[in-house]
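All remarks here apply to the structure that follows.
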Amino acid sequence: MLPVDMAVQYWWWVLALGIGILELLTGTFYLLMIAVGCAAAGAVAAAGGPAWAQFLAAAVVALAGAAWVRRARAGAPARGPAGRNPDVIADVGERVRVEAWDAGGRARVRYRGTEWSVELAPGESAVPGDYLIREVAGNRLILARP
């Protein structure tokens, strides 16, 4: 238990630490910015600043940090569907060989030791040859020319 007569700056830093630990459980970075704001308030308190300056420092730093996080996330590339993401599906980007296509743009190929149903990606022509896996849709591979 913390003593009641503890300096105000330490209360701010303990609060910053507690919110920082909570941030580790959520991973949103917004709580981290609030924790940094509390640490800034602790620095103002350590410098002898009045209570209004401590709260102002906490608010300004936390809001500026939250705005920075929001802007950084807005500039991040949008994630596509999981079936097209090579970080999620290891097969995306792998090569397969198609011997023959049917009239509907479908075929069966041998890949990773078993038979797979494959389809052409939109805009692709049904020509036998090597293809890259662009997407995994259920139990079908969607293929495109390299």
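Numbering starts fresh at 1 for the residues of each chain in the structure tokens, the chains themselves are lettered A, B, ... in the order given, and ligands are numbered from 1 as they appear.
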
List the neighbours of range 96-111 of chain A out to 7 Å using only C-alpha atoms; skip same-chain residues closer than 4 positions along the sequence, and give me the result as a PyMOL selection string. chain A and resi 115-120+126+128-132

Dump N, CA and C atoms for the selected residues as a compact mmCIF listing (two decimals), in the first residue's frame?
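As a result, result14.txt now contains:
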```txt
# COMPACT_ATOMS: atom_id res chain seq x y z
N GLU A 115 -4.70 -33.60 -54.31
CA GLU A 115 -5.41 -32.94 -55.41
C GLU A 115 -6.17 -31.73 -54.87
N TRP A 116 -6.07 -30.61 -55.59
CA TRP A 116 -6.77 -29.38 -55.22
C TRP A 116 -7.63 -28.92 -56.38
N SER A 117 -8.77 -28.31 -56.06
CA SER A 117 -9.58 -27.63 -57.07
C SER A 117 -9.02 -26.23 -57.22
N VAL A 118 -8.87 -25.81 -58.47
CA VAL A 118 -8.35 -24.47 -58.72
C VAL A 118 -9.29 -23.73 -59.66
N GLU A 119 -9.27 -22.41 -59.53
CA GLU A 119 -10.04 -21.53 -60.40
C GLU A 119 -9.14 -20.40 -60.86
N LEU A 120 -9.52 -19.82 -61.97
CA LEU A 120 -8.78 -18.66 -62.47
C LEU A 120 -9.20 -17.40 -61.73
N ALA A 126 -7.56 -19.06 -69.59
CA ALA A 126 -7.38 -20.48 -69.29
C ALA A 126 -6.38 -21.11 -70.25
N PRO A 128 -2.93 -23.66 -70.30
CA PRO A 128 -2.11 -24.56 -69.48
C PRO A 128 -0.74 -23.93 -69.20
N GLY A 129 -0.20 -24.23 -68.03
CA GLY A 129 1.13 -23.72 -67.68
C GLY A 129 1.27 -23.48 -66.19
N ASP A 130 2.29 -22.70 -65.83
CA ASP A 130 2.57 -22.39 -64.43
C ASP A 130 1.74 -21.19 -63.98
N TYR A 131 1.25 -21.27 -62.74
CA TYR A 131 0.44 -20.22 -62.15
C TYR A 131 0.90 -19.98 -60.71
N LEU A 132 0.56 -18.80 -60.21
CA LEU A 132 0.80 -18.48 -58.81
C LEU A 132 -0.52 -18.52 -58.06
```

What are the closest atom pairs, with distances in Å to one decimal, for all residues of range 96-137 of chain A lying within 12 Å of range 70-91 of chain A? Consider only C-alpha atoms, order rows by chain and residue number, and present the result as a tab-separated table.
```
residue	atom	partner	partner_atom	distance
A:Val96	CA	A:Asp91	CA	10.2
A:Tyr111	CA	A:Asp91	CA	9.9
A:Arg112	CA	A:Asp91	CA	9.7
A:Ala121	CA	A:Arg84	CA	11.7
A:Leu132	CA	A:Asp91	CA	9.3
A:Ile133	CA	A:Asp91	CA	6.7
A:Arg134	CA	A:Arg84	CA	6.1
A:Glu135	CA	A:Arg84	CA	4.5
A:Val136	CA	A:Gly83	CA	4.9
A:Ala137	CA	A:Gly83	CA	6.2
```

Write to file, as an mmCIF file, in the first residue's frame, the residues of the selection just made, with all heavy atoms.
```
data_model
loop_
_atom_site.group_PDB
_atom_site.id
_atom_site.type_symbol
_atom_site.label_atom_id
_atom_site.label_comp_id
_atom_site.auth_asym_id
_atom_site.auth_seq_id
_atom_site.Cartn_x
_atom_site.Cartn_y
_atom_site.Cartn_z
ATOM 1 N N VAL A 96 2.023 -23.456 -58.956
ATOM 2 C CA VAL A 96 1.426 -24.746 -59.310
ATOM 3 C C VAL A 96 1.398 -24.844 -60.830
ATOM 4 O O VAL A 96 1.452 -23.830 -61.524
ATOM 5 C CB VAL A 96 -0.005 -24.917 -58.738
ATOM 6 C CG1 VAL A 96 0.000 -24.957 -57.236
ATOM 7 C CG2 VAL A 96 -0.933 -23.849 -59.243
ATOM 8 N N TYR A 111 -0.897 -30.533 -55.590
ATOM 9 C CA TYR A 111 -0.154 -29.540 -54.816
ATOM 10 C C TYR A 111 -0.028 -30.033 -53.383
ATOM 11 O O TYR A 111 -1.009 -30.470 -52.792
ATOM 12 C CB TYR A 111 -0.887 -28.185 -54.868
ATOM 13 C CG TYR A 111 -0.275 -27.112 -53.995
ATOM 14 C CD1 TYR A 111 0.989 -26.608 -54.267
ATOM 15 C CD2 TYR A 111 -0.952 -26.604 -52.906
ATOM 16 C CE1 TYR A 111 1.560 -25.625 -53.468
ATOM 17 C CE2 TYR A 111 -0.401 -25.622 -52.107
ATOM 18 C CZ TYR A 111 0.856 -25.143 -52.390
ATOM 19 O OH TYR A 111 1.422 -24.180 -51.599
ATOM 20 N N ARG A 112 1.154 -30.002 -52.855
ATOM 21 C CA ARG A 112 1.461 -30.461 -51.500
ATOM 22 C C ARG A 112 0.967 -31.883 -51.246
ATOM 23 O O ARG A 112 0.413 -32.188 -50.209
ATOM 24 C CB ARG A 112 0.889 -29.503 -50.447
ATOM 25 C CG ARG A 112 1.611 -28.190 -50.413
ATOM 26 C CD ARG A 112 1.311 -27.381 -49.185
ATOM 27 N NE ARG A 112 -0.108 -27.069 -49.057
ATOM 28 C CZ ARG A 112 -0.752 -27.004 -47.890
ATOM 29 N NH1 ARG A 112 -0.124 -27.235 -46.775
ATOM 30 N NH2 ARG A 112 -2.034 -26.711 -47.859
ATOM 31 N N ALA A 121 -8.244 -16.542 -61.486
ATOM 32 C CA ALA A 121 -8.551 -15.222 -60.933
ATOM 33 C C ALA A 121 -9.265 -14.417 -62.017
ATOM 34 O O ALA A 121 -9.076 -14.676 -63.214
ATOM 35 C CB ALA A 121 -7.265 -14.526 -60.496
ATOM 36 N N LEU A 132 0.560 -18.803 -60.207
ATOM 37 C CA LEU A 132 0.805 -18.481 -58.810
ATOM 38 C C LEU A 132 -0.520 -18.521 -58.059
ATOM 39 O O LEU A 132 -1.551 -18.088 -58.580
ATOM 40 C CB LEU A 132 1.398 -17.083 -58.654
ATOM 41 C CG LEU A 132 2.833 -16.880 -59.133
ATOM 42 C CD1 LEU A 132 3.239 -15.428 -58.957
ATOM 43 C CD2 LEU A 132 3.784 -17.776 -58.376
ATOM 44 N N ILE A 133 -0.477 -19.003 -56.833
ATOM 45 C CA ILE A 133 -1.667 -18.995 -55.987
ATOM 46 C C ILE A 133 -1.854 -17.563 -55.482
ATOM 47 O O ILE A 133 -0.973 -17.020 -54.812
ATOM 48 C CB ILE A 133 -1.518 -19.980 -54.813
ATOM 49 C CG1 ILE A 133 -1.344 -21.397 -55.338
ATOM 50 C CG2 ILE A 133 -2.717 -19.874 -53.868
ATOM 51 C CD1 ILE A 133 -0.989 -22.409 -54.271
ATOM 52 N N ARG A 134 -2.954 -16.935 -55.816
ATOM 53 C CA ARG A 134 -3.253 -15.563 -55.397
ATOM 54 C C ARG A 134 -4.138 -15.519 -54.166
ATOM 55 O O ARG A 134 -4.122 -14.556 -53.422
ATOM 56 C CB ARG A 134 -3.941 -14.790 -56.527
ATOM 57 C CG ARG A 134 -3.078 -14.559 -57.708
ATOM 58 C CD ARG A 134 -2.009 -13.551 -57.385
ATOM 59 N NE ARG A 134 -1.233 -13.306 -58.586
ATOM 60 C CZ ARG A 134 0.025 -12.975 -58.576
ATOM 61 N NH1 ARG A 134 0.658 -12.846 -57.446
ATOM 62 N NH2 ARG A 134 0.669 -12.794 -59.694
ATOM 63 N N GLU A 135 -4.944 -16.584 -53.988
ATOM 64 C CA GLU A 135 -5.895 -16.588 -52.880
ATOM 65 C C GLU A 135 -6.294 -18.024 -52.584
ATOM 66 O O GLU A 135 -6.300 -18.873 -53.467
ATOM 67 C CB GLU A 135 -7.131 -15.774 -53.271
ATOM 68 C CG GLU A 135 -8.193 -15.671 -52.216
ATOM 69 C CD GLU A 135 -9.376 -14.832 -52.655
ATOM 70 O OE1 GLU A 135 -9.365 -14.271 -53.761
ATOM 71 O OE2 GLU A 135 -10.327 -14.754 -51.870
ATOM 72 N N VAL A 136 -6.628 -18.282 -51.339
ATOM 73 C CA VAL A 136 -7.208 -19.550 -50.942
ATOM 74 C C VAL A 136 -8.632 -19.243 -50.492
ATOM 75 O O VAL A 136 -8.838 -18.506 -49.529
ATOM 76 C CB VAL A 136 -6.402 -20.224 -49.815
ATOM 77 C CG1 VAL A 136 -7.077 -21.511 -49.373
ATOM 78 C CG2 VAL A 136 -4.986 -20.497 -50.270
ATOM 79 N N ALA A 137 -9.606 -19.764 -51.225
ATOM 80 C CA ALA A 137 -11.020 -19.526 -50.927
ATOM 81 C C ALA A 137 -11.647 -20.855 -50.534
ATOM 82 O O ALA A 137 -11.970 -21.677 -51.397
ATOM 83 C CB ALA A 137 -11.726 -18.927 -52.142
#
```

Using DSSP on the backbone coordinates, identify all residues within range 22-60 of chain A classified as alpha helix (DSSP H); present the result as a compact mmCIF listing (two decimals) with all heavy atoms, in the first residue's frame.
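Contents of states.txt, freshly written:
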```txt
# COMPACT_ATOMS: atom_id res chain seq x y z
N LEU A 22 -1.56 -2.09 -18.14
CA LEU A 22 -2.86 -2.38 -18.75
C LEU A 22 -2.77 -2.34 -20.28
O LEU A 22 -3.40 -3.13 -20.97
CB LEU A 22 -3.90 -1.37 -18.24
CG LEU A 22 -5.35 -1.67 -18.53
CD1 LEU A 22 -5.76 -2.99 -17.89
CD2 LEU A 22 -6.22 -0.54 -18.02
N GLU A 23 -1.96 -1.43 -20.79
CA GLU A 23 -1.74 -1.32 -22.24
C GLU A 23 -1.15 -2.61 -22.80
O GLU A 23 -1.50 -3.04 -23.89
CB GLU A 23 -0.82 -0.15 -22.56
CG GLU A 23 -0.16 -0.19 -23.90
CD GLU A 23 -1.15 -0.22 -25.05
OE1 GLU A 23 -2.23 0.34 -24.93
OE2 GLU A 23 -0.81 -0.83 -26.07
N LEU A 24 -0.26 -3.23 -22.05
CA LEU A 24 0.34 -4.49 -22.51
C LEU A 24 -0.70 -5.58 -22.70
O LEU A 24 -0.52 -6.49 -23.51
CB LEU A 24 1.41 -4.95 -21.53
CG LEU A 24 2.66 -4.08 -21.44
CD1 LEU A 24 3.56 -4.57 -20.32
CD2 LEU A 24 3.39 -4.05 -22.76
N LEU A 25 -1.80 -5.49 -21.99
CA LEU A 25 -2.86 -6.48 -22.12
C LEU A 25 -3.79 -6.20 -23.29
O LEU A 25 -4.45 -7.10 -23.77
CB LEU A 25 -3.67 -6.54 -20.82
CG LEU A 25 -2.88 -6.92 -19.57
CD1 LEU A 25 -3.76 -6.81 -18.33
CD2 LEU A 25 -2.31 -8.32 -19.69
N THR A 26 -3.83 -4.94 -23.75
CA THR A 26 -4.76 -4.60 -24.82
C THR A 26 -4.08 -4.41 -26.17
O THR A 26 -4.62 -4.79 -27.19
CB THR A 26 -5.54 -3.31 -24.50
OG1 THR A 26 -4.63 -2.22 -24.39
CG2 THR A 26 -6.33 -3.46 -23.21
N TYR A 30 -3.39 3.42 -27.44
CA TYR A 30 -4.05 4.59 -26.88
C TYR A 30 -3.80 4.69 -25.38
O TYR A 30 -3.55 5.77 -24.86
CB TYR A 30 -5.55 4.57 -27.18
CG TYR A 30 -5.86 4.83 -28.63
CD1 TYR A 30 -6.26 3.81 -29.47
CD2 TYR A 30 -5.73 6.10 -29.16
CE1 TYR A 30 -6.53 4.04 -30.81
CE2 TYR A 30 -5.99 6.34 -30.51
CZ TYR A 30 -6.39 5.31 -31.31
OH TYR A 30 -6.65 5.55 -32.64
N LEU A 31 -3.86 3.56 -24.70
CA LEU A 31 -3.55 3.57 -23.28
C LEU A 31 -2.09 3.94 -23.03
O LEU A 31 -1.78 4.58 -22.03
CB LEU A 31 -3.87 2.21 -22.64
CG LEU A 31 -5.35 1.90 -22.44
CD1 LEU A 31 -5.53 0.50 -21.89
CD2 LEU A 31 -5.99 2.91 -21.51
N LEU A 32 -1.23 3.57 -23.94
CA LEU A 32 0.18 3.95 -23.81
C LEU A 32 0.33 5.47 -23.85
O LEU A 32 1.12 6.04 -23.10
CB LEU A 32 1.01 3.30 -24.91
CG LEU A 32 2.51 3.60 -24.89
CD1 LEU A 32 3.14 3.07 -23.62
CD2 LEU A 32 3.18 3.01 -26.11
N MET A 33 -0.43 6.11 -24.71
CA MET A 33 -0.36 7.58 -24.80
C MET A 33 -0.89 8.23 -23.52
O MET A 33 -0.37 9.24 -23.08
CB MET A 33 -1.14 8.08 -26.01
CG MET A 33 -0.56 7.63 -27.34
SD MET A 33 1.15 8.12 -27.54
CE MET A 33 1.97 6.56 -27.62
N ILE A 34 -1.91 7.63 -22.91
CA ILE A 34 -2.41 8.14 -21.64
C ILE A 34 -1.35 7.95 -20.56
O ILE A 34 -1.12 8.83 -19.73
CB ILE A 34 -3.73 7.46 -21.26
CG1 ILE A 34 -4.82 7.85 -22.27
CG2 ILE A 34 -4.16 7.84 -19.84
CD1 ILE A 34 -6.10 7.08 -22.12
N ALA A 35 -0.65 6.82 -20.59
CA ALA A 35 0.42 6.56 -19.62
C ALA A 35 1.56 7.58 -19.80
O ALA A 35 2.11 8.08 -18.81
CB ALA A 35 0.95 5.14 -19.78
N VAL A 36 1.89 7.88 -21.04
CA VAL A 36 2.93 8.89 -21.29
C VAL A 36 2.47 10.25 -20.79
O VAL A 36 3.25 11.03 -20.23
CB VAL A 36 3.30 8.93 -22.79
CG1 VAL A 36 4.20 10.10 -23.10
CG2 VAL A 36 3.96 7.62 -23.20
N GLY A 37 1.18 10.56 -20.95
CA GLY A 37 0.64 11.81 -20.42
C GLY A 37 0.74 11.87 -18.90
O GLY A 37 1.09 12.92 -18.34
N CYS A 38 0.47 10.76 -18.23
CA CYS A 38 0.62 10.72 -16.78
C CYS A 38 2.08 10.90 -16.36
O CYS A 38 2.38 11.57 -15.36
CB CYS A 38 0.08 9.40 -16.22
SG CYS A 38 -1.71 9.27 -16.31
N ALA A 39 2.99 10.32 -17.13
CA ALA A 39 4.42 10.50 -16.83
C ALA A 39 4.82 11.96 -17.02
O ALA A 39 5.62 12.50 -16.24
CB ALA A 39 5.25 9.59 -17.73
N ALA A 40 4.26 12.62 -18.04
CA ALA A 40 4.54 14.04 -18.25
C ALA A 40 4.01 14.86 -17.07
O ALA A 40 4.67 15.81 -16.60
CB ALA A 40 3.92 14.52 -19.56
N ALA A 41 2.84 14.50 -16.57
CA ALA A 41 2.29 15.19 -15.40
C ALA A 41 3.19 14.97 -14.19
O ALA A 41 3.40 15.88 -13.38
CB ALA A 41 0.88 14.70 -15.11
N GLY A 42 3.75 13.77 -14.07
CA GLY A 42 4.69 13.50 -12.98
C GLY A 42 5.94 14.35 -13.09
O GLY A 42 6.47 14.83 -12.08
N ALA A 43 6.39 14.58 -14.32
CA ALA A 43 7.57 15.44 -14.52
C ALA A 43 7.25 16.88 -14.12
O ALA A 43 8.08 17.57 -13.51
CB ALA A 43 8.04 15.37 -15.96
N VAL A 44 6.06 17.35 -14.48
CA VAL A 44 5.65 18.71 -14.09
C VAL A 44 5.55 18.80 -12.57
O VAL A 44 5.97 19.79 -11.97
CB VAL A 44 4.32 19.10 -14.77
CG1 VAL A 44 3.77 20.39 -14.20
CG2 VAL A 44 4.51 19.21 -16.27
N ALA A 45 5.01 17.77 -11.93
CA ALA A 45 4.91 17.75 -10.47
C ALA A 45 6.29 17.74 -9.83
O ALA A 45 6.53 18.42 -8.82
CB ALA A 45 4.10 16.54 -10.01
N ALA A 46 7.21 16.99 -10.42
CA ALA A 46 8.58 16.94 -9.88
C ALA A 46 9.27 18.29 -10.00
O ALA A 46 10.10 18.65 -9.16
CB ALA A 46 9.39 15.87 -10.61
N ALA A 51 -1.14 21.98 -9.62
CA ALA A 51 -2.00 20.88 -10.03
C ALA A 51 -2.59 21.12 -11.42
O ALA A 51 -2.67 20.20 -12.23
CB ALA A 51 -3.10 20.65 -9.01
N TRP A 52 -3.01 22.36 -11.70
CA TRP A 52 -3.61 22.63 -13.01
C TRP A 52 -2.61 22.39 -14.14
O TRP A 52 -2.97 21.91 -15.21
CB TRP A 52 -4.19 24.05 -13.09
CG TRP A 52 -3.18 25.16 -13.02
CD1 TRP A 52 -2.78 25.84 -11.91
CD2 TRP A 52 -2.44 25.70 -14.11
NE1 TRP A 52 -1.82 26.78 -12.21
CE2 TRP A 52 -1.60 26.71 -13.58
CE3 TRP A 52 -2.38 25.44 -15.46
CZ2 TRP A 52 -0.72 27.45 -14.36
CZ3 TRP A 52 -1.51 26.19 -16.24
CH2 TRP A 52 -0.69 27.18 -15.70
N ALA A 53 -1.33 22.70 -13.90
CA ALA A 53 -0.30 22.48 -14.92
C ALA A 53 -0.04 20.97 -15.11
O ALA A 53 0.22 20.52 -16.23
CB ALA A 53 0.99 23.19 -14.54
N GLN A 54 -0.15 20.22 -14.03
CA GLN A 54 0.03 18.77 -14.13
C GLN A 54 -1.07 18.14 -14.99
O GLN A 54 -0.80 17.35 -15.89
CB GLN A 54 0.03 18.15 -12.74
CG GLN A 54 1.19 18.59 -11.86
CD GLN A 54 1.01 18.18 -10.42
OE1 GLN A 54 0.41 17.15 -10.14
NE2 GLN A 54 1.53 18.98 -9.50
N PHE A 55 -2.31 18.54 -14.69
CA PHE A 55 -3.43 18.00 -15.46
C PHE A 55 -3.38 18.47 -16.92
O PHE A 55 -3.70 17.72 -17.83
CB PHE A 55 -4.77 18.39 -14.82
CG PHE A 55 -5.08 17.57 -13.60
CD1 PHE A 55 -4.92 18.09 -12.33
CD2 PHE A 55 -5.52 16.25 -13.73
CE1 PHE A 55 -5.20 17.33 -11.20
CE2 PHE A 55 -5.81 15.49 -12.61
CZ PHE A 55 -5.65 16.03 -11.33
N LEU A 56 -2.96 19.72 -17.12
CA LEU A 56 -2.83 20.23 -18.49
C LEU A 56 -1.77 19.45 -19.26
O LEU A 56 -1.98 19.07 -20.41
CB LEU A 56 -2.50 21.73 -18.46
CG LEU A 56 -2.37 22.41 -19.83
CD1 LEU A 56 -3.73 22.41 -20.54
CD2 LEU A 56 -1.85 23.82 -19.68
N ALA A 57 -0.63 19.19 -18.61
CA ALA A 57 0.44 18.43 -19.27
C ALA A 57 -0.05 17.02 -19.61
O ALA A 57 0.20 16.52 -20.71
CB ALA A 57 1.67 18.37 -18.37
N ALA A 58 -0.76 16.39 -18.68
CA ALA A 58 -1.27 15.04 -18.92
C ALA A 58 -2.23 15.04 -20.11
O ALA A 58 -2.14 14.19 -21.00
CB ALA A 58 -1.96 14.49 -17.67
N ALA A 59 -3.12 16.03 -20.14
CA ALA A 59 -4.12 16.08 -21.21
C ALA A 59 -3.49 16.37 -22.56
O ALA A 59 -3.80 15.72 -23.56
CB ALA A 59 -5.18 17.13 -20.88
N VAL A 60 -2.59 17.35 -22.61
CA VAL A 60 -1.98 17.74 -23.89
C VAL A 60 -1.14 16.60 -24.45
O VAL A 60 -1.25 16.26 -25.63
CB VAL A 60 -1.14 19.03 -23.71
CG1 VAL A 60 -0.26 19.27 -24.92
CG2 VAL A 60 -2.05 20.21 -23.46
```

At what distance in Å, to one decimal, does CA of Pro122 in chain A lie from CA of Leu141 in chain A?
->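 Going from CA of Leu141 in chain A over to CA of Pro122 in chain A covers 12.9 Å.
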